[in-house]
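> Provided herewith: start.txt, compact mmCIF, C-alpha atoms.
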```
# COMPACT_ATOMS: atom_id res chain seq x y z
CA MET A 16 16.25 -6.42 4.44
CA PRO A 17 14.54 -8.89 2.11
CA THR A 18 15.86 -12.41 1.90
CA ALA A 19 17.64 -13.68 -1.20
CA GLU A 20 14.46 -15.52 -2.10
CA GLN A 21 12.39 -12.34 -1.79
CA ILE A 22 14.90 -10.38 -3.86
CA ALA A 23 14.70 -13.02 -6.58
CA HIS A 24 10.92 -12.76 -6.43
CA TYR A 25 11.06 -8.96 -6.75
CA TYR A 26 13.50 -9.22 -9.64
CA GLU A 27 11.14 -11.59 -11.41
CA GLY A 28 8.38 -8.99 -11.05
CA LEU A 29 10.75 -6.30 -12.29
CA CYS A 30 11.59 -8.36 -15.37
CA THR A 31 7.89 -8.96 -16.01
CA THR A 32 7.33 -5.22 -15.85
CA VAL A 33 10.20 -4.58 -18.26
CA ASP A 34 8.87 -7.21 -20.66
CA SER A 35 5.40 -5.69 -20.49
CA ILE A 36 6.69 -2.25 -21.41
CA ASN A 37 8.90 -3.57 -24.18
CA ALA A 38 6.04 -5.65 -25.61
CA GLY A 39 3.99 -2.51 -26.08
CA LYS A 40 0.25 -2.00 -26.05
CA THR A 41 -1.80 -5.16 -26.35
CA ALA A 42 -4.77 -5.43 -28.66
CA GLU A 43 -7.09 -5.44 -25.65
CA MET A 44 -5.74 -2.21 -24.19
CA GLY A 45 -7.19 1.17 -24.87
CA ASP A 46 -4.86 4.08 -25.56
CA ARG A 47 -5.46 5.64 -22.14
CA GLU A 48 -4.98 2.30 -20.39
CA TRP A 49 -1.63 1.81 -22.10
CA GLU A 50 -0.57 5.36 -21.30
CA ILE A 51 -1.29 4.91 -17.58
CA HIS A 52 0.10 1.38 -17.50
CA SER A 53 3.38 2.29 -19.19
CA THR A 54 4.01 5.61 -17.47
CA SER A 55 3.25 4.28 -13.99
CA ASN A 56 5.47 1.26 -14.52
CA ILE A 57 8.31 3.36 -15.91
CA ALA A 58 8.01 5.68 -12.91
CA TRP A 59 8.20 2.65 -10.64
CA LEU A 60 11.27 1.34 -12.49
CA ARG A 61 13.01 4.68 -11.93
CA THR A 62 12.62 4.30 -8.17
CA ILE A 63 13.06 0.57 -7.69
CA VAL A 64 16.29 0.40 -9.70
CA ASP A 65 18.00 2.29 -6.87
CA ALA A 66 16.62 0.13 -4.06
CA ASP A 67 19.25 -0.82 -1.52
CA PHE A 68 18.45 -4.53 -1.48
CA TRP A 69 19.66 -5.42 -4.98
CA THR A 70 22.87 -7.40 -5.16
CA ASP A 71 24.25 -8.28 -8.60
CA GLU A 72 21.03 -8.36 -10.63
CA ASP A 73 21.37 -7.27 -14.26
CA MET A 74 19.60 -3.92 -14.66
CA THR A 75 20.65 -3.31 -18.27
CA ALA A 76 17.12 -3.74 -19.62
CA VAL A 77 15.77 -1.36 -17.00
CA HIS A 78 18.28 1.34 -17.92
CA LEU A 79 17.47 0.94 -21.61
CA ILE A 80 13.93 2.02 -20.70
CA ILE A 81 14.54 4.74 -18.13
CA ASP A 82 17.75 6.40 -19.30
CA MET B 2 0.37 8.99 18.18
CA ALA B 3 -1.29 6.67 20.63
CA GLY B 4 0.83 4.50 22.82
CA ASP B 5 3.84 6.74 23.34
CA ILE B 6 4.02 6.31 27.07
CA TYR B 7 6.31 4.08 29.07
CA PHE B 8 5.78 2.39 32.42
CA ASN B 9 8.80 0.97 34.22
CA GLY B 10 10.72 1.18 30.94
CA SER B 11 8.15 -0.69 28.86
CA LYS B 12 6.13 0.98 26.15
CA LEU B 13 2.40 0.64 26.60
CA THR B 14 1.25 -0.98 23.39
CA GLY B 15 -2.08 -2.55 24.23
CA GLN B 16 -5.51 -1.07 23.76
CA HIS B 17 -6.19 -0.85 27.48
CA ASP B 18 -2.90 -0.88 29.35
CA VAL B 19 -3.96 1.86 31.73
CA LYS B 20 -6.56 1.19 34.41
CA LEU B 21 -7.79 3.19 37.38
CA ASN B 22 -9.45 1.20 40.15
CA GLY B 23 -9.88 -1.61 37.65
CA THR B 24 -11.55 0.52 35.00
CA ASP B 25 -9.99 0.81 31.53
CA MET B 26 -8.81 4.31 30.73
CA ASP B 27 -9.05 5.72 27.22
CA ASN B 28 -6.82 8.74 27.94
CA VAL B 29 -4.19 9.77 30.48
CA TYR B 30 -3.68 13.43 31.38
CA LEU B 31 -1.02 15.13 33.49
CA ASN B 32 -1.74 18.65 34.64
CA GLY B 33 -4.32 18.99 31.86
CA THR B 34 -2.02 17.76 29.10
CA LYS B 35 -2.93 14.53 27.33
CA LEU B 36 -0.07 12.07 27.71
CA TRP B 37 -1.58 8.95 26.22
CA THR B 38 -4.54 7.74 24.19
CA ARG B 39 -5.43 4.10 23.99
CA HIS B 40 -4.77 2.28 20.75
CA PRO B 41 -7.95 1.86 18.69
CA TYR B 42 -6.81 -1.64 17.74
CA ALA B 43 -4.25 -4.08 19.05
CA ILE B 44 -0.93 -3.55 17.29
CA GLY B 45 -0.62 -5.86 14.32
CA THR B 46 -4.36 -6.13 13.75
CA GLU B 47 -5.26 -6.61 10.10
CA ILE B 48 -7.92 -3.99 9.56
CA PHE B 49 -9.14 -5.08 6.15
CA THR B 50 -8.23 -6.85 2.94
CA TYR B 51 -9.24 -5.29 -0.34
CA SER B 52 -9.35 -6.90 -3.77
CA VAL B 53 -10.36 -5.65 -7.17
CA GLY B 54 -10.02 -7.21 -10.59
CA ALA B 55 -9.03 -5.61 -13.87
CA GLY B 56 -12.17 -4.12 -15.35
CA GLY B 57 -13.71 -4.07 -11.88
CA ASN B 58 -15.18 -1.36 -9.70
CA SER B 59 -13.15 0.02 -6.78
CA ASP B 60 -15.81 2.43 -5.57
CA ASN B 61 -16.58 0.38 -2.45
CA LEU B 62 -13.13 1.32 -1.12
CA ARG B 63 -14.22 4.96 -1.29
CA THR B 64 -17.63 4.26 0.25
CA THR B 65 -18.15 1.04 2.23
CA PHE B 66 -14.58 0.49 3.40
CA PHE B 67 -14.11 4.13 4.34
CA GLN B 68 -17.38 4.10 6.29
CA THR B 69 -16.58 0.79 7.99
CA TYR B 70 -12.96 1.63 8.90
CA PRO B 71 -12.89 5.44 9.19
CA LEU B 72 -9.93 5.47 11.61
CA ALA B 73 -7.72 3.87 8.96
CA PHE B 74 -8.09 6.80 6.57
CA ASP B 75 -7.00 10.43 6.81
CA ALA B 76 -9.90 11.40 4.57
CA GLN B 77 -12.37 9.79 2.22
CA PRO B 78 -10.60 8.30 -0.81
CA ASN B 79 -11.03 10.42 -3.92
CA TYR B 80 -10.70 9.84 -7.63
CA ILE B 81 -7.86 11.56 -9.39
CA GLU B 82 -9.09 10.06 -12.65
CA GLY B 83 -12.35 8.46 -13.67
CA SER B 84 -15.01 7.25 -11.28
CA GLY B 85 -16.42 4.05 -9.82
CA GLY B 86 -16.74 1.39 -12.48
CA ALA B 87 -15.27 3.59 -15.17
CA GLN B 88 -12.35 2.21 -17.09
CA ASP B 89 -8.98 3.65 -16.08
CA SER B 90 -10.09 4.92 -12.72
CA ARG B 91 -7.41 6.00 -10.29
CA LEU B 92 -8.51 6.22 -6.68
CA ASN B 93 -6.25 8.03 -4.22
CA PHE B 94 -6.36 7.16 -0.53
CA ASN B 95 -4.30 8.40 2.39
CA LEU B 96 -3.94 6.14 5.38
CA ALA B 97 -3.96 7.64 8.85
CA ALA B 98 -0.89 7.52 11.07
CA GLY B 99 -0.55 4.08 12.57
CA PHE B 100 -2.09 2.30 9.58
CA TYR B 101 -0.17 0.98 6.59
CA VAL B 102 -0.35 -1.35 3.60
CA SER B 103 1.26 -4.52 4.91
CA PHE B 104 0.60 -6.71 1.89
CA TYR B 105 0.25 -6.00 -1.81
CA SER B 106 -0.27 -8.67 -4.41
CA GLN B 107 -0.71 -8.17 -8.13
CA ALA B 108 -1.81 -11.20 -10.16
CA GLU B 109 0.90 -10.88 -12.82
CA LEU B 110 3.70 -9.17 -10.92
CA GLY B 111 3.76 -11.02 -7.59
CA THR B 112 3.51 -10.16 -3.92
CA ASP B 113 5.13 -7.71 -1.52
CA SER B 114 4.37 -9.04 1.92
CA ASP B 115 7.32 -7.72 3.89
CA GLY B 116 6.61 -4.03 3.58
CA THR B 117 9.75 -3.44 1.56
CA GLY B 118 9.85 0.14 0.41
CA ALA B 119 6.63 1.09 2.14
CA SER B 120 6.19 3.12 5.30
CA ASN B 121 4.69 1.33 8.26
CA THR B 122 2.63 4.33 9.24
CA GLY B 123 0.36 6.34 7.01
CA GLY B 124 1.11 6.64 3.33
CA SER B 125 -0.54 7.93 0.20
CA HIS B 126 -1.53 5.35 -2.39
CA VAL B 127 -3.29 5.19 -5.73
CA LEU B 128 -5.39 2.20 -6.76
CA TYR B 129 -5.54 1.88 -10.52
CA VAL B 130 -8.16 -0.18 -12.33
CA GLY B 131 -7.96 -0.47 -16.10
CA GLY B 132 -9.79 -2.73 -18.47
CA THR B 133 -7.14 -5.47 -18.47
CA VAL B 134 -4.69 -4.32 -15.78
CA SER B 135 -4.79 -3.08 -12.21
CA GLY B 136 -2.34 -2.17 -9.47
CA LEU B 137 -1.39 -0.14 -6.44
CA SER B 138 1.25 2.55 -6.00
CA SER B 139 3.50 3.64 -4.53
CA GLY B 140 6.44 2.52 -2.46
CA PHE B 141 6.31 -1.19 -3.10
CA SER B 142 8.80 -3.68 -4.44
CA ILE B 143 6.08 -4.79 -6.88
CA SER B 144 5.08 -2.45 -9.68
CA SER B 145 1.83 -0.56 -9.92
CA SER B 146 0.15 -2.02 -12.98
CA GLY B 147 -0.09 -5.55 -14.30
CA ASN B 148 -2.54 -7.99 -15.81
CA GLY B 149 -5.39 -9.19 -13.65
CA SER B 150 -6.41 -8.46 -10.08
CA THR B 151 -4.94 -6.53 -7.16
CA THR B 152 -5.19 -7.36 -3.48
CA PHE B 153 -3.86 -5.42 -0.52
CA LYS B 154 -4.13 -5.50 3.27
CA VAL B 155 -4.17 -2.61 5.71
CA THR B 156 -2.72 -3.29 9.15
CA TYR B 157 -2.50 -1.26 12.34
CA SER B 158 1.09 -0.61 13.43
CA GLY B 159 0.31 1.86 16.20
CA GLN B 160 3.30 4.00 15.20
```
What is this structure when it is put down as structure tokens?

Amino acid sequence: MPTAEQIAHYYEGLCTTVDSINAGKTAEMGDREWEIHSTSNIAWLRTIVDADFWTDEDMTAVHLIID
Amino acid sequence: MAGDIYFNGSKLTGQHDVKLNGTDMDNVYLNGTKLWTRHPYAIGTEIFTYSVGAGGNSDNLRTTFFQTYPLAFDAQPNYIEGSGGAQDSRLNFNLAAGFYVSFYSQAELGTDSDGTGASNTGGSHVLYVGGTVSGLSSGFSISSSGNGSTTFKVTYSGQ
């Protein structure tokens, strides 16, 4: 099992991913790049949200995207 | 897989644990049946580290790295989208049994260095390179697409 420090690190990455999706396509991104970027990250969120190492992290923002 | 033989209760995990008259054996047979094959690498050996930046070209994973470390791959990596140097390329690679991604770091999203979520033997992965983002999937505690570069390591587990 990951340590508390590792879990915090993973949660930070998760929040960055959520923020990236919510921010939408950047001016530098092509349409196809955004499509792949967003769909692959949303697919990842669907799996990681159920990981067995989370403790009491707030997943509200994740569920707003995936549900 | 190599190494699944025990001697006096201890698993043989080295590359050349079996000798005959002082000579290293590569295989052990009993009544014509292969019991054991030596490990191609010592367990825990880091086979290679691969890095690619957003907007970069990942084709050398498909060519040079596959040719240099053929035992690590089930087959030559293949594009499921795009091609070498093309924007939005997605390169699929399947690691052979006994090899796994032991480290994955994405410049924006962070690092998975404890193998969380990933198998420690084999595994199918996709390396994505876009114009501004890159990443590796799947099975990691770090997501598969973020700004900047991607680095991963392949290690031999022997399992």
> Which residues of chain A come within 10 Å of chain B, and for each one, what is the closest pair of atoms and their distance in Å to one decimal, counting only C-alpha atoms, sorted by chain and residue number, as JSON lines?

```
{"residue": "A:Met16", "atom": "CA", "partner": "B:Thr117", "partner_atom": "CA", "distance": 7.7}
{"residue": "A:Pro17", "atom": "CA", "partner": "B:Thr117", "partner_atom": "CA", "distance": 7.3}
{"residue": "A:Thr18", "atom": "CA", "partner": "B:Asp115", "partner_atom": "CA", "distance": 9.9}
{"residue": "A:Gln21", "atom": "CA", "partner": "B:Asp113", "partner_atom": "CA", "distance": 8.6}
{"residue": "A:Ile22", "atom": "CA", "partner": "B:Ser142", "partner_atom": "CA", "distance": 9.1}
{"residue": "A:His24", "atom": "CA", "partner": "B:Gly111", "partner_atom": "CA", "distance": 7.5}
{"residue": "A:Tyr25", "atom": "CA", "partner": "B:Ser142", "partner_atom": "CA", "distance": 6.2}
{"residue": "A:Tyr26", "atom": "CA", "partner": "B:Ser142", "partner_atom": "CA", "distance": 8.9}
{"residue": "A:Glu27", "atom": "CA", "partner": "B:Leu110", "partner_atom": "CA", "distance": 7.8}
{"residue": "A:Gly28", "atom": "CA", "partner": "B:Leu110", "partner_atom": "CA", "distance": 4.7}
{"residue": "A:Leu29", "atom": "CA", "partner": "B:Ile143", "partner_atom": "CA", "distance": 7.3}
{"residue": "A:Cys30", "atom": "CA", "partner": "B:Leu110", "partner_atom": "CA", "distance": 9.1}
{"residue": "A:Thr31", "atom": "CA", "partner": "B:Leu110", "partner_atom": "CA", "distance": 6.6}
{"residue": "A:Thr32", "atom": "CA", "partner": "B:Ser144", "partner_atom": "CA", "distance": 7.1}
{"residue": "A:Ser35", "atom": "CA", "partner": "B:Gly147", "partner_atom": "CA", "distance": 8.3}
{"residue": "A:Thr41", "atom": "CA", "partner": "B:Thr133", "partner_atom": "CA", "distance": 9.5}
{"residue": "A:Glu43", "atom": "CA", "partner": "B:Thr133", "partner_atom": "CA", "distance": 7.2}
{"residue": "A:Met44", "atom": "CA", "partner": "B:Thr133", "partner_atom": "CA", "distance": 6.7}
{"residue": "A:Gly45", "atom": "CA", "partner": "B:Gly132", "partner_atom": "CA", "distance": 7.9}
{"residue": "A:Arg47", "atom": "CA", "partner": "B:Asp89", "partner_atom": "CA", "distance": 7.3}
{"residue": "A:Glu48", "atom": "CA", "partner": "B:Gly131", "partner_atom": "CA", "distance": 5.9}
{"residue": "A:Trp49", "atom": "CA", "partner": "B:Gly131", "partner_atom": "CA", "distance": 9.0}
{"residue": "A:Ile51", "atom": "CA", "partner": "B:Asp89", "partner_atom": "CA", "distance": 7.9}
{"residue": "A:His52", "atom": "CA", "partner": "B:Ser146", "partner_atom": "CA", "distance": 5.7}
{"residue": "A:Ser53", "atom": "CA", "partner": "B:Ser146", "partner_atom": "CA", "distance": 8.2}
{"residue": "A:Thr54", "atom": "CA", "partner": "B:Ser146", "partner_atom": "CA", "distance": 9.7}
{"residue": "A:Ser55", "atom": "CA", "partner": "B:Ser145", "partner_atom": "CA", "distance": 6.5}
{"residue": "A:Asn56", "atom": "CA", "partner": "B:Ser144", "partner_atom": "CA", "distance": 6.1}
{"residue": "A:Ile57", "atom": "CA", "partner": "B:Ser144", "partner_atom": "CA", "distance": 9.1}
{"residue": "A:Ala58", "atom": "CA", "partner": "B:Ser144", "partner_atom": "CA", "distance": 9.2}
{"residue": "A:Trp59", "atom": "CA", "partner": "B:Ser144", "partner_atom": "CA", "distance": 6.1}
{"residue": "A:Leu60", "atom": "CA", "partner": "B:Ser144", "partner_atom": "CA", "distance": 7.8}
{"residue": "A:Thr62", "atom": "CA", "partner": "B:Gly140", "partner_atom": "CA", "distance": 8.6}
{"residue": "A:Ile63", "atom": "CA", "partner": "B:Ser142", "partner_atom": "CA", "distance": 6.8}
{"residue": "A:Ala66", "atom": "CA", "partner": "B:Gly118", "partner_atom": "CA", "distance": 8.1}
{"residue": "A:Asp67", "atom": "CA", "partner": "B:Gly118", "partner_atom": "CA", "distance": 9.6}
{"residue": "A:Phe68", "atom": "CA", "partner": "B:Thr117", "partner_atom": "CA", "distance": 9.3}
```
> So that I can see what lies close to Thr64 of chain B, please list as a ChimeraX atom specification the residues with an atom at most 12 Å from it, counting only C-alpha atoms and leaving out residues fewer than 2 positions away in the same chain.
/B:58-62,66-71,74,76-80,85,92,94
> State, in Å with one decimal place, the distance from atom CA of Val155 of chain B to atom CA of Leu36 of chain B.
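So the two atoms, atom CA of Val155 of chain B and atom CA of Leu36 of chain B, lie 26.8 Å apart.
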> How far is it from atom CA of His17 of chain B to atom CA of Thr46 of chain B, in Å with one decimal?
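Distance reported for this atom pair: 14.8 Å.
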> Extract, using all atoms listed in the file, all DNA, RNA and protein residues at most 7 Å from Ala98 of chain B, discarding same-chain residues fewer than 3 positions from it, and format them as a PDB file with C-alpha atoms, keeping the file's coordinate frame.

```pdb
ATOM      1  CA  THR B 122       2.630   4.330   9.240  1.00  0.00           C
ATOM      2  CA  GLY B 123       0.360   6.340   7.010  1.00  0.00           C
ATOM      3  CA  GLN B 160       3.300   4.000  15.200  1.00  0.00           C
TER       4      GLN B 160
END
```
> Report, in Å to a single decimal, how far apart atom CA of Asn37 of chain A and atom CA of Gly57 of chain B are.
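Straight-line distance from atom CA of Gly57 of chain B to atom CA of Asn37 of chain A works out to 25.7 Å.
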